[in-house]
Structure formats: C-alpha cells, structure tokens
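For reference, the structure is listed below as structure tokens.
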Amino acid sequence: MRKETDSTENQQVISVWVRDPRMQKNDFWHAYIDYEICLHTDSVCFTKKISQVRRRYSEFVWLRRKLQANSMLMVHVPGLPPKNPFFSLNNARQITDRMKGLQKFLEQVLQNPLLLSDSCLHLFLQSQLSVPMIEACAAGRTHYSVVQAVQRCGLRRFHSEEDLHNNLKISCDSDSDSSEGRDPEHKIKDLEASSLDLIETSQEEELSCLSRST
C-alpha cells in the first residue's frame, strides 16, 4: 500500500503488509492466530521507518474502537473483516481472507491524516506494548513516552524474574555445549537489555495496580 502526499516536494510513502499467520497457545485448550504487521515508510509521521510487530484479531477490534472514539466521530473509520462465529484455526481459507481484510483495514486507516495522528495507532503498529499499556502510554501514565516505546520495539521482554533466570540458564547451557560461543561483551549487553526489560515489566505491573486502586 502506498500513501503519497502532495504537500511536500518529495513523495512520502507508507507501505504496510499483514502476513505470516501463526497459531499461539494460551494453554492446552485455548489458542488464537496472530499476524505479523510489517511497515516500511519514509513519512515524517513515523518514528521508525521499518518495523514489525505481531497482533491478533481482537487487538484490531480494539484499535478500530479506539480510533473511532478518539476521532470523536469526525471521520469514518474503515471496517474490519466481520467476526465469524464459525472461524476455524485450521481453515487456511478463512485465515487468509481475514488476513487480507486486516491489511485492507490498515491501508485505509493510514490514508486518513486525522487517524494517522493518533498515538494509539503508532503504538499498535510499532511497539510491543499490550493493549492496556498502549492506552496507558498514550494517556501519559507510563514512565516512557510514545516515541520511547516505539524505539524499544524489538527488545526482548521477560514477564517475571523467573523467566529471566531460566533464559540465562538456557543460554549458559547452550554456550557450554559450544566452544565457539558468542563474544562475552555481546553476552553482557544482552544481559543488561534483559535486566532493563525486567525492570520495565515490573513498573508496568505496578502501574496496573495503581490504576485499579484509583
């Protein structure tokens, strides 16, 4: 998808793709499909010019509702592929049709200047934040800004200290199996990044508790 602007001498392009559907499991009984959203652009509207995130259908539903509410009904927000009560995770045709519909939705959204200015849209497309954290960040209730959240996209995240320790143990075990391991300096940098993500997650949990108490 290409969006060209006439207000500048150089044409600005926004290209978006929805692809690579994958089945994710919450537990033994519950699973869902998520999709990779790839965005390439030279538009000044975006902090990052190339990004990839994964989102599921329910998050697209949230985004549409949020865009409609934030626009105060001043624009018509494009529609999503309808929710199918008989949608099957094993039906390739249904998954492909939904994926195409989600891409069409994003293409149309990115053609509207008012919707394009919405912080929730940028966080949805270019950050790893969950829906509740997108809302908190857009409202200024996080210790990081929208731009910082987008810039952090791609950093590894851990949900608990136990996850961090388990990951480090696996990393050490794999390194011991190979004498040609990674550069120690790189390992230290990975550990530092992991620790920062752990701190960030703890702060997000604290923010969630504070929000429930107010």
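Chain identifiers are assigned as A, B, and so on, following the order in which chains appear in the structure tokens; residues are numbered from 1 within each chain, and ligands are numbered from 1 in order of appearance.
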TODO: Tell me, as a list in words, which residues lie within 12 Å of Lys48 (chain A), counting only C-alpha atoms; anything in the same chain fewer than 2 positions away does not count.
DONE: Ile14, Cys38, Leu39, His40, Thr41, Asp42, Ser43, Val44, Cys45, Phe46, Ile50, Ser51, Gln52, His122, Leu123, Leu125, Gln126, Ser127, Val146, Val147, Gln148, Ala149, Val150, Gln151, Arg152, Cys153 and Gly154 of chain A
Open item on the list: Applying 12 Å and only C-alpha atoms, which residues near Leu67 (chain A) remain after dropping the ones on its own chain fewer than 2 positions away? List them as a PyMOL selection string.
Closed with: chain A and resi 60-65+69-79+106+109-110+112+114-122+124+135
TODO: Identify, on the basis of only C-alpha atoms, every residue whose closest approach to region 21-27 of chain A does not exceed 8 Å; exclude the query and any residue fewer than 3 positions from it along the same chain; express the result as a PyMOL selection string.
DONE: chain A and resi 30-36+89+95+99
Taking all heavy atoms for each residue, export the selection above as a CSV table (one decimal), in the first residue's frame.
chain,number,residue,atom,x,y,z
A,30,HIS,N,-6.9,-23.3,24.9
A,30,HIS,CA,-7.1,-22.0,24.2
A,30,HIS,C,-6.0,-21.6,23.3
A,30,HIS,O,-4.8,-21.6,23.7
A,30,HIS,CB,-7.4,-21.0,25.3
A,30,HIS,CG,-8.5,-21.3,26.2
A,30,HIS,ND1,-8.4,-21.9,27.4
A,30,HIS,CD2,-9.9,-21.0,26.1
A,30,HIS,CE1,-9.5,-22.1,28.0
A,30,HIS,NE2,-10.5,-21.5,27.2
A,31,ALA,N,-6.3,-21.3,22.1
A,31,ALA,CA,-5.4,-20.9,21.1
A,31,ALA,C,-5.9,-19.8,20.2
A,31,ALA,O,-7.2,-19.6,20.2
A,31,ALA,CB,-4.9,-22.1,20.2
A,32,TYR,N,-5.1,-19.1,19.6
A,32,TYR,CA,-5.5,-18.0,18.7
A,32,TYR,C,-4.5,-17.8,17.6
A,32,TYR,O,-3.4,-18.3,17.6
A,32,TYR,CB,-5.7,-16.7,19.4
A,32,TYR,CG,-4.5,-16.1,20.1
A,32,TYR,CD1,-3.6,-15.3,19.4
A,32,TYR,CD2,-4.1,-16.5,21.4
A,32,TYR,CE1,-2.5,-14.8,20.0
A,32,TYR,CE2,-3.0,-16.0,22.0
A,32,TYR,CZ,-2.2,-15.2,21.3
A,32,TYR,OH,-1.0,-14.7,21.8
A,33,ILE,N,-4.9,-17.1,16.5
A,33,ILE,CA,-4.0,-16.7,15.4
A,33,ILE,C,-3.5,-15.3,15.6
A,33,ILE,O,-4.4,-14.4,15.8
A,33,ILE,CB,-4.7,-16.9,14.1
A,33,ILE,CG1,-5.1,-18.4,13.9
A,33,ILE,CG2,-3.8,-16.5,12.9
A,33,ILE,CD1,-3.9,-19.3,13.6
A,34,ASP,N,-2.2,-15.0,15.4
A,34,ASP,CA,-1.8,-13.7,15.3
A,34,ASP,C,-1.1,-13.5,14.0
A,34,ASP,O,-0.8,-14.4,13.3
A,34,ASP,CB,-0.9,-13.2,16.5
A,34,ASP,CG,0.4,-13.9,16.6
A,34,ASP,OD1,0.7,-14.7,15.7
A,34,ASP,OD2,1.1,-13.7,17.6
A,35,TYR,N,-0.9,-12.2,13.6
A,35,TYR,CA,-0.3,-11.9,12.3
A,35,TYR,C,0.8,-10.9,12.5
A,35,TYR,O,0.8,-10.0,13.4
A,35,TYR,CB,-1.4,-11.2,11.4
A,35,TYR,CG,-2.7,-12.1,11.4
A,35,TYR,CD1,-3.7,-11.9,12.3
A,35,TYR,CD2,-2.9,-13.0,10.3
A,35,TYR,CE1,-4.9,-12.7,12.3
A,35,TYR,CE2,-4.1,-13.7,10.3
A,35,TYR,CZ,-5.0,-13.6,11.2
A,35,TYR,OH,-6.2,-14.3,11.2
A,36,GLU,N,1.8,-11.0,11.6
A,36,GLU,CA,2.8,-10.0,11.5
A,36,GLU,C,2.4,-8.8,10.7
A,36,GLU,O,2.0,-8.9,9.6
A,36,GLU,CB,4.1,-10.6,10.9
A,36,GLU,CG,5.3,-9.7,11.0
A,36,GLU,CD,6.5,-10.3,10.4
A,36,GLU,OE1,6.5,-10.8,9.2
A,36,GLU,OE2,7.6,-10.3,11.1
A,89,LEU,N,-9.3,-22.3,13.3
A,89,LEU,CA,-7.9,-22.1,13.3
A,89,LEU,C,-7.2,-23.0,12.3
A,89,LEU,O,-6.0,-22.8,12.0
A,89,LEU,CB,-7.3,-22.3,14.7
A,89,LEU,CG,-7.8,-21.4,15.8
A,89,LEU,CD1,-7.1,-21.6,17.1
A,89,LEU,CD2,-7.7,-19.9,15.4
A,95,ILE,N,-8.5,-18.0,7.4
A,95,ILE,CA,-7.3,-17.3,7.9
A,95,ILE,C,-6.8,-16.3,6.9
A,95,ILE,O,-6.5,-15.1,7.2
A,95,ILE,CB,-6.2,-18.2,8.4
A,95,ILE,CG1,-6.7,-19.0,9.6
A,95,ILE,CG2,-4.9,-17.5,8.7
A,95,ILE,CD1,-5.7,-20.1,10.0
A,99,MET,N,-6.8,-12.2,7.0
A,99,MET,CA,-5.5,-11.5,6.9
A,99,MET,C,-5.6,-10.4,5.9
A,99,MET,O,-5.1,-9.3,6.1
A,99,MET,CB,-4.4,-12.5,6.6
A,99,MET,CG,-3.0,-11.9,6.5
A,99,MET,SD,-1.8,-13.2,6.4
A,99,MET,CE,-2.3,-14.0,4.9
Task: For region 100-104 of chain A: contacts at 9 Å, only C-alpha atoms, fewer than 6 positions along chain excluded, given as a PyMOL selection string - done: chain A and resi 1+16-19+37+57+60+78-82
TODO: One decimal, Å: what's the distance from CA of Pro113 (chain A) over to CA of Gln12 (chain A), could you say?
DONE: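 According to the coordinates, CA of Pro113 (chain A) and CA of Gln12 (chain A) are separated by 12.9 Å.
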- [ ] From the DSSP assignment of the backbone, select every residue of region 10-127 of chain A that is alpha helix (DSSP H), and format the answer as a PyMOL selection string.
- [x] chain A and resi 57-70+92-109+113-116+119-126
Open item on the list: Would you compute the distance between CA of Val53 (chain A) and CA of Pro85 (chain A)? Give it in Å to one decimal.
Closed with: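 Spanning CA of Val53 (chain A) to CA of Pro85 (chain A) is a straight-line distance of 26.1 Å.
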Task: Which of region 33-174 of chain A fall in strand (DSSP E or B), as a ChimeraX atom specification - done: /A:33-41,50-56
